[in-house]
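Source file: coords29.pdb. Holds: PDB, C-alpha atoms and all ligand atoms.
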```
MODEL        1
ATOM      1  CA  MET A1041     -16.427  25.497 -24.997
ATOM      2  CA  ASN A1042     -12.754  24.650 -25.447
ATOM      3  CA  SER A1043     -11.578  21.232 -26.599
ATOM      4  CA  SER A1044     -10.010  20.408 -23.247
ATOM      5  CA  MET A1045     -13.391  20.760 -21.501
ATOM      6  CA  ILE A1046     -15.109  18.679 -24.191
ATOM      7  CA  GLY A1047     -12.545  15.931 -23.595
ATOM      8  CA  LYS A1048     -13.232  15.997 -19.850
ATOM      9  CA  ILE A1049     -16.988  15.753 -20.380
ATOM     10  CA  GLU A1050     -16.548  12.779 -22.722
ATOM     11  CA  LYS A1051     -14.341  11.094 -20.126
ATOM     12  CA  ALA A1052     -16.953  11.757 -17.431
ATOM     13  CA  HIS A1053     -19.643  10.075 -19.561
ATOM     14  CA  ARG A1054     -17.380   7.038 -19.982
ATOM     15  CA  TYR A1055     -16.544   6.909 -16.252
ATOM     16  CA  ALA A1056     -20.214   7.217 -15.316
ATOM     17  CA  ARG A1057     -20.857   3.872 -17.010
ATOM     18  CA  GLU A1058     -18.091   2.221 -14.963
ATOM     19  CA  PRO A1059     -19.249   2.420 -11.314
ATOM     20  CA  GLU A1060     -16.633  -0.186 -10.301
ATOM     21  CA  ARG A1061     -14.108   2.660 -10.499
ATOM     22  CA  VAL A1062     -15.671   4.220  -7.385
ATOM     23  CA  GLN A1063     -15.240   2.936  -3.830
ATOM     24  CA  ILE A1064     -17.541   4.586  -1.289
ATOM     25  CA  GLN A1065     -15.960   5.139   2.138
ATOM     26  CA  ALA A1066     -18.793   6.864   3.974
ATOM     27  CA  ILE A1067     -22.438   7.850   3.486
ATOM     28  CA  GLU A1068     -24.802  10.078   5.447
ATOM     29  CA  SER A1069     -28.309   9.898   4.030
ATOM     30  CA  THR A1070     -31.975  10.416   4.639
ATOM     31  CA  PHE A1071     -34.115   7.520   3.438
ATOM     32  CA  ARG A1072     -37.806   8.196   2.807
ATOM     33  CA  GLY A1073     -39.469   4.924   3.757
ATOM     34  CA  GLY A1074     -43.128   3.988   3.386
ATOM     35  CA  HIS A1075     -44.118   5.512   6.731
ATOM     36  CA  ASP A1076     -41.289   7.717   7.904
ATOM     37  CA  GLU A1077     -37.860   9.115   7.150
ATOM     38  CA  TYR A1078     -34.783   7.290   8.394
ATOM     39  CA  HIS A1079     -31.173   8.221   8.797
ATOM     40  CA  VAL A1080     -28.968   5.673   7.022
ATOM     41  CA  ARG A1081     -25.215   5.794   7.579
ATOM     42  CA  PHE A1082     -22.271   3.852   6.259
ATOM     43  CA  ASP A1083     -18.951   4.576   7.920
ATOM     44  CA  ASP A1084     -15.779   2.653   8.690
ATOM     45  CA  GLY A1085     -17.224  -0.481   7.030
ATOM     46  CA  ALA A1086     -20.388  -0.539   9.153
ATOM     47  CA  TRP A1087     -24.017   0.222   8.312
ATOM     48  CA  ASN A1088     -26.454   1.953  10.616
ATOM     49  CA  CYS A1089     -30.122   2.898  10.292
ATOM     50  CA  SER A1090     -32.411   4.791  12.660
ATOM     51  CA  CYS A1091     -35.417   2.536  11.971
ATOM     52  CA  HIS A1092     -36.936   0.100  14.448
ATOM     53  CA  THR A1093     -35.981  -3.041  12.502
ATOM     54  CA  PHE A1094     -32.305  -2.154  12.574
ATOM     55  CA  SER A1095     -32.250  -0.948  16.172
ATOM     56  CA  SER A1096     -33.892  -4.183  17.358
ATOM     57  CA  HIS A1097     -30.639  -5.961  16.306
ATOM     58  CA  VAL A1098     -32.517  -9.109  15.365
ATOM     59  CA  ILE A1099     -31.268  -9.422  11.790
ATOM     60  CA  GLY A1100     -28.487  -6.804  11.732
ATOM     61  CA  THR A1101     -29.900  -5.069   8.679
ATOM     62  CA  CYS A1102     -33.156  -3.579   7.414
ATOM     63  CA  SER A1103     -35.013  -2.862   4.179
ATOM     64  CA  HIS A1104     -33.419   0.602   3.920
ATOM     65  CA  ILE A1105     -29.851  -0.672   4.175
ATOM     66  CA  MET A1106     -30.581  -3.551   1.790
ATOM     67  CA  ALA A1107     -32.066  -1.104  -0.720
ATOM     68  CA  MET A1108     -28.976   1.121  -0.467
ATOM     69  CA  GLN A1109     -26.745  -1.915  -0.966
ATOM     70  CA  GLN A1110     -28.587  -2.739  -4.182
ATOM     71  CA  MET A1111     -28.487   0.882  -5.389
ATOM     72  CA  LEU A1112     -24.776   1.274  -4.736
ATOM     73  CA  GLY A1113     -23.706  -2.234  -5.754
ATOM     74  CA  THR A1114     -20.051  -2.461  -6.776
ATOM     75  CA  MET A1115     -19.324   1.032  -5.451
ATOM     76  CA  LEU A1116     -19.422  -0.447  -1.931
ATOM     77  CA  PRO A1117     -16.483  -2.347  -0.465
ATOM     78  CA  ALA A1118     -17.052  -6.104  -0.952
ATOM     79  CA  ASN A1119     -17.692  -6.745   2.745
ATOM     80  CA  ALA A1120     -20.411  -4.064   2.831
ATOM     81  CA  ARG A1121     -22.578  -5.711   0.127
ATOM     82  CA  PHE A1122     -24.342  -8.274   2.305
ATOM     83  CA  TRP A1123     -27.110  -8.806  -0.220
ATOM     84  CA  GLU A1124     -24.601 -10.389  -2.530
ATOM     85  CA  GLU A1125     -23.196 -12.912  -0.123
ATOM     86  CA  GLU A1126     -24.256 -16.385   0.900
ATOM     87  CA  ALA A1127     -25.067 -15.214   4.425
ATOM     88  CA  SER A1128     -27.508 -12.644   3.061
ATOM     89  CA  PRO A1129     -30.705 -12.416   5.112
ATOM     90  CA  LEU A1130     -32.517 -12.116   1.788
ATOM     91  CA  LYS A1131     -31.228 -15.450   0.550
ATOM     92  CA  ALA A1132     -31.748 -17.051   3.941
ATOM     93  CA  GLY A1133     -35.412 -16.100   3.666
ATOM     94  CA  ALA A1134     -35.588 -14.180   6.942
ATOM     95  CA  ALA A1135     -38.661 -12.037   7.460
ATOM     96  CA  VAL A1136     -37.448  -8.544   6.644
ATOM     97  CA  GLY A1137     -38.832  -5.359   5.238
ATOM     98  CA  VAL A1138     -41.982  -5.311   7.315
ATOM     99  CA  ALA A1139     -41.193  -1.970   8.933
ATOM    100  CA  GLY A1140     -40.687   1.075   6.770
TER     101      GLY A1140
HETATM  102 ZN    ZN A1201     -33.809   0.921   8.298
ENDMDL
END
```

Can you turn what I pasted into structure tokens?
Ligand SMILES: [Zn+2]
Amino acid sequence: MNSSMIGKIEKAHRYAREPERVQIQAIESTFRGGHDEYHVRFDDGAWNCSCHTFSSHVIGTCSHIMAMQQMLGTMLPANARFWEEEASPLKAGAAVGVAG
């Protein structure tokens, strides 16, 4: 392996420990929940999930989206990390995560 490639690999290892360098714009994913698989999307600043909790529009989020928000953390735009904010349904103690 040439020295230029070794340098790039070392840089990649350093970058991989600095997730704040990455800003996710869009996600298309399959989320394997406890009972079923769901389609979780993030696009144009908005989250979407195919599960019943999300589609009922009662709390505007669901356990799958909240899990993704925790996984992705600082890689998400600030306004897409609801779990971190004061208005978070988690902090407000709303009943969530029952489905899936
Ligand atoms: Zn969901």

Check: Taking all atoms listed in the file into account, which residues are within 9 Å of ligand ZN 1201 (chain A), as a list in words?
Finding: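 Final answer, ordered by chain and number: Phe1071, Gly1073, Tyr1078, His1079, Val1080, Asn1088, Cys1089, Ser1090, Cys1091, His1092, Thr1093, Phe1094, Ser1095, Thr1101, Cys1102, Ser1103, His1104, Ile1105, Met1106, Gly1137, Ala1139 and Gly1140 of chain A.
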
Next item on the list: Quick one: everything within 9 Å of Val1062 of chain A, counting all atoms listed in the file, minus sequence neighbours fewer than 6 positions away in the same chain. Send it as a ChimeraX atom specification.
Entry: /A:1114-1116

Margin query: Taking 2 positions as the minimum chain separation for residues in the same chain, which residues sit within 8 Å of Asp1084 of chain A when counting all atoms listed in the file? Answer as a list in words.
Written below: Gln1065, Ala1066, Phe1082 and Ala1086 of chain A

Note to self: Please report the interatomic distance between atom CA of Thr1070 of chain A and atom CA of Met1108 of chain A in Å with one decimal.
What the structure shows: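 For atom CA of Thr1070 of chain A relative to atom CA of Met1108 of chain A, the distance reads 11.0 Å.
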
Item checked: Nearest to Arg1081 of chain A by atom-to-atom distance, counting all atoms listed in the file, from A:Ala1107, A:Ile1049, A:Ile1067, A:Met1041 ->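 Closest residue, counting all atoms listed in the file: A:Ile1067.
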
Check: Of the candidates A:Asn1042, A:Gln1063, A:Ser1069, A:Ser1096, which shows the shortest atom-to-atom distance to Gly1113 of chain A, using all atoms listed in the file?
Finding: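 So, comparing all the options, the nearest one is A:Gln1063.
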
Would you place a box with edges along x, y and z of the file around all atoms of segment 1064-1077 of chain A listed there, add 8 Å to each of its six sides, and report the centre and edge lengths in Å to one decimal, as lines of an AutoDock Vina configuration file?
```
center_x = -30.0
center_y = 7.2
center_z = 3.3
size_x = 44.2
size_y = 22.4
size_z = 25.2
```

Note to self: Using all atoms listed in the file for the distances, tell me which of A:Gly1047, A:Pro1117, A:Gly1074, A:Pro1059 is nearest to Trp1087 of chain A.
What the structure shows: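 Checking each of A:Gly1047, A:Pro1117, A:Gly1074, A:Pro1059 against Trp1087 of chain A, counting all atoms listed in the file, the winner is A:Pro1117.
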
Note to self: If I take atom CA of Ala1052 of chain A and atom CA of Asp1083 of chain A, how far is one from the other in Å, to one decimal?
What the structure shows: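 Atom CA of Asp1083 of chain A lies 26.4 Å from atom CA of Ala1052 of chain A.
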
Check: Just how far from atom CA of Arg1121 of chain A is atom CA of Gln1109 of chain A, in Å to one decimal?
Finding: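 If I compute the distance from atom CA of Gln1109 of chain A to atom CA of Arg1121 of chain A, I get 5.7 Å.
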
Final N, CA and C atoms of segment 1105-1125 of chain A as a PDB file, in the coordinates of the input:
```
ATOM      1  N   ILE A1105     -31.251  -0.348   4.442  1.00  0.00           N
ATOM      2  CA  ILE A1105     -29.851  -0.672   4.175  1.00  0.00           C
ATOM      3  C   ILE A1105     -29.760  -1.606   2.972  1.00  0.00           C
ATOM      4  N   MET A1106     -30.629  -2.611   2.916  1.00  0.00           N
ATOM      5  CA  MET A1106     -30.581  -3.551   1.790  1.00  0.00           C
ATOM      6  C   MET A1106     -30.864  -2.839   0.470  1.00  0.00           C
ATOM      7  N   ALA A1107     -31.777  -1.869   0.500  1.00  0.00           N
ATOM      8  CA  ALA A1107     -32.066  -1.104  -0.720  1.00  0.00           C
ATOM      9  C   ALA A1107     -30.849  -0.292  -1.140  1.00  0.00           C
ATOM     10  N   MET A1108     -30.179   0.337  -0.161  1.00  0.00           N
ATOM     11  CA  MET A1108     -28.976   1.121  -0.467  1.00  0.00           C
ATOM     12  C   MET A1108     -27.888   0.220  -1.038  1.00  0.00           C
ATOM     13  N   GLN A1109     -27.759  -0.981  -0.482  1.00  0.00           N
ATOM     14  CA  GLN A1109     -26.745  -1.915  -0.966  1.00  0.00           C
ATOM     15  C   GLN A1109     -26.995  -2.283  -2.426  1.00  0.00           C
ATOM     16  N   GLN A1110     -28.279  -2.420  -2.783  1.00  0.00           N
ATOM     17  CA  GLN A1110     -28.587  -2.739  -4.182  1.00  0.00           C
ATOM     18  C   GLN A1110     -28.339  -1.539  -5.082  1.00  0.00           C
ATOM     19  N   MET A1111     -28.693  -0.334  -4.589  1.00  0.00           N
ATOM     20  CA  MET A1111     -28.487   0.882  -5.389  1.00  0.00           C
ATOM     21  C   MET A1111     -27.008   1.106  -5.668  1.00  0.00           C
ATOM     22  N   LEU A1112     -26.186   0.908  -4.638  1.00  0.00           N
ATOM     23  CA  LEU A1112     -24.776   1.274  -4.736  1.00  0.00           C
ATOM     24  C   LEU A1112     -23.900   0.161  -5.294  1.00  0.00           C
ATOM     25  N   GLY A1113     -24.359  -1.081  -5.142  1.00  0.00           N
ATOM     26  CA  GLY A1113     -23.706  -2.234  -5.754  1.00  0.00           C
ATOM     27  C   GLY A1113     -22.194  -2.255  -5.620  1.00  0.00           C
ATOM     28  N   THR A1114     -21.507  -2.290  -6.762  1.00  0.00           N
ATOM     29  CA  THR A1114     -20.051  -2.461  -6.776  1.00  0.00           C
ATOM     30  C   THR A1114     -19.308  -1.244  -6.249  1.00  0.00           C
ATOM     31  N   MET A1115     -20.004  -0.139  -6.014  1.00  0.00           N
ATOM     32  CA  MET A1115     -19.324   1.032  -5.451  1.00  0.00           C
ATOM     33  C   MET A1115     -19.030   0.841  -3.962  1.00  0.00           C
ATOM     34  N   LEU A1116     -19.672  -0.165  -3.347  1.00  0.00           N
ATOM     35  CA  LEU A1116     -19.422  -0.447  -1.931  1.00  0.00           C
ATOM     36  C   LEU A1116     -18.267  -1.422  -1.802  1.00  0.00           C
ATOM     37  N   PRO A1117     -17.504  -1.330  -0.713  1.00  0.00           N
ATOM     38  CA  PRO A1117     -16.483  -2.347  -0.465  1.00  0.00           C
ATOM     39  C   PRO A1117     -17.162  -3.720  -0.411  1.00  0.00           C
ATOM     40  N   ALA A1118     -16.448  -4.769  -0.852  1.00  0.00           N
ATOM     41  CA  ALA A1118     -17.052  -6.104  -0.952  1.00  0.00           C
ATOM     42  C   ALA A1118     -17.724  -6.558   0.343  1.00  0.00           C
ATOM     43  N   ASN A1119     -17.118  -6.273   1.479  1.00  0.00           N
ATOM     44  CA  ASN A1119     -17.692  -6.745   2.745  1.00  0.00           C
ATOM     45  C   ASN A1119     -18.877  -5.912   3.213  1.00  0.00           C
ATOM     46  N   ALA A1120     -19.254  -4.888   2.468  1.00  0.00           N
ATOM     47  CA  ALA A1120     -20.411  -4.064   2.831  1.00  0.00           C
ATOM     48  C   ALA A1120     -21.613  -4.352   1.942  1.00  0.00           C
ATOM     49  N   ARG A1121     -21.479  -5.342   1.039  1.00  0.00           N
ATOM     50  CA  ARG A1121     -22.578  -5.711   0.127  1.00  0.00           C
ATOM     51  C   ARG A1121     -23.192  -7.023   0.581  1.00  0.00           C
ATOM     52  N   PHE A1122     -23.842  -7.024   1.739  1.00  0.00           N
ATOM     53  CA  PHE A1122     -24.342  -8.274   2.305  1.00  0.00           C
ATOM     54  C   PHE A1122     -25.318  -8.981   1.382  1.00  0.00           C
ATOM     55  N   TRP A1123     -26.078  -8.214   0.637  1.00  0.00           N
ATOM     56  CA  TRP A1123     -27.110  -8.806  -0.220  1.00  0.00           C
ATOM     57  C   TRP A1123     -26.538  -9.743  -1.270  1.00  0.00           C
ATOM     58  N   GLU A1124     -25.238  -9.627  -1.472  1.00  0.00           N
ATOM     59  CA  GLU A1124     -24.601 -10.389  -2.530  1.00  0.00           C
ATOM     60  C   GLU A1124     -23.993 -11.683  -2.005  1.00  0.00           C
ATOM     61  N   GLU A1125     -23.914 -11.790  -0.699  1.00  0.00           N
ATOM     62  CA  GLU A1125     -23.196 -12.912  -0.123  1.00  0.00           C
ATOM     63  C   GLU A1125     -24.125 -14.040   0.309  1.00  0.00           C
TER      64      GLU A1125
END
```
